[in-house]
Amino acid sequence: MEPRCPCIDCGKETMYTDKEVEEQGIDDIDWYAVHNEIWKKYCPEQPDDYISTPESKGYFLCIKCLETRMGRKLKRDDFPDYPINKKNLHRYPE
Ligand SMILES: [Zn+2]
């Protein structure tokens with residue numbers, strides 16, 4: 001299946017439905033948001049004010065590729081307290 005929201009660097013699917021997560025036991029979810037300053041700096045391809053959604057086929061980066069661009073691992077403080085991050089944060093203990 002074609003990725004719906006492919007990472008712009010490696011092509012990995014970044015978006016899974018809750019059903020897929022549950023059925024496939026996916027743990028490394030790449031559907032997340034980081035603070036704006038980080039995204040602006042490390043995903044300069046994305047124009048200002050552009051909102052990436054599954055419909056817009058926009059600018060997605062899997063966590064691994066974002067970390068590669070940043071040259072370091074993500075940490076908990078990099079993620080705002082948004083609902084989109086609730087499935088990720090267990091990977092980043094405080
Ligand atoms: Zn990637």
# chains A, B, ... in the order shown; residues from 1 in each chain; ligands from 1
>>> select_by_dssp(residues="region 6-93 of chain A", states="strand (DSSP E or B)", output="count of residues only")
4
>>> residues_near_ligand(ligand="ligand 1", cutoff="10 Å", atoms="only C-alpha atoms and all ligand atoms", output="PyMOL selection string")
chain A and resi 6-14+30+60-68
>>> closest_atom_pairs(of="region 5-61 of chain A", to="region 70-86 of chain A", cutoff="7 Å", atoms="only C-alpha atoms", output="JSON lines")
{"residue": "A:Tyr32", "atom": "CA", "partner": "A:Asn85", "partner_atom": "CA", "distance": 5.1}
{"residue": "A:Ala33", "atom": "CA", "partner": "A:Phe79", "partner_atom": "CA", "distance": 6.3}
{"residue": "A:Val34", "atom": "CA", "partner": "A:Phe79", "partner_atom": "CA", "distance": 4.5}
{"residue": "A:His35", "atom": "CA", "partner": "A:Pro80", "partner_atom": "CA", "distance": 5.9}
{"residue": "A:Tyr42", "atom": "CA", "partner": "A:Met70", "partner_atom": "CA", "distance": 6.5}
>>> select_by_dssp(residues="region 5-46 of chain A", states="alpha helix (DSSP H)", output="ChimeraX atom specification")
/A:18-24,36-42
>>> write_last_selection(atoms="C-alpha atoms", output="mmCIF file, in the first residue's frame")
data_model
loop_
_atom_site.group_PDB
_atom_site.id
_atom_site.type_symbol
_atom_site.label_atom_id
_atom_site.label_comp_id
_atom_site.auth_asym_id
_atom_site.auth_seq_id
_atom_site.Cartn_x
_atom_site.Cartn_y
_atom_site.Cartn_z
ATOM 1 C CA ASP A 18 -5.888 3.588 16.042
ATOM 2 C CA LYS A 19 -7.199 0.315 14.598
ATOM 3 C CA GLU A 20 -3.956 -0.380 12.756
ATOM 4 C CA VAL A 21 -1.909 0.440 15.824
ATOM 5 C CA GLU A 22 -3.925 -2.020 17.851
ATOM 6 C CA GLU A 23 -4.149 -4.791 15.255
ATOM 7 C CA GLN A 24 -0.523 -4.611 14.152
ATOM 8 C CA ASN A 36 7.409 24.983 16.171
ATOM 9 C CA GLU A 37 10.973 26.258 16.532
ATOM 10 C CA ILE A 38 12.305 22.737 16.017
ATOM 11 C CA TRP A 39 10.087 21.986 13.049
ATOM 12 C CA LYS A 40 10.843 25.303 11.340
ATOM 13 C CA LYS A 41 14.554 24.797 11.772
ATOM 14 C CA TYR A 42 14.790 21.162 10.712
#
>>> atom_distance(atom1="CA of Ile26 (chain A)", atom2="CA of Lys87 (chain A)")
10.4 Å
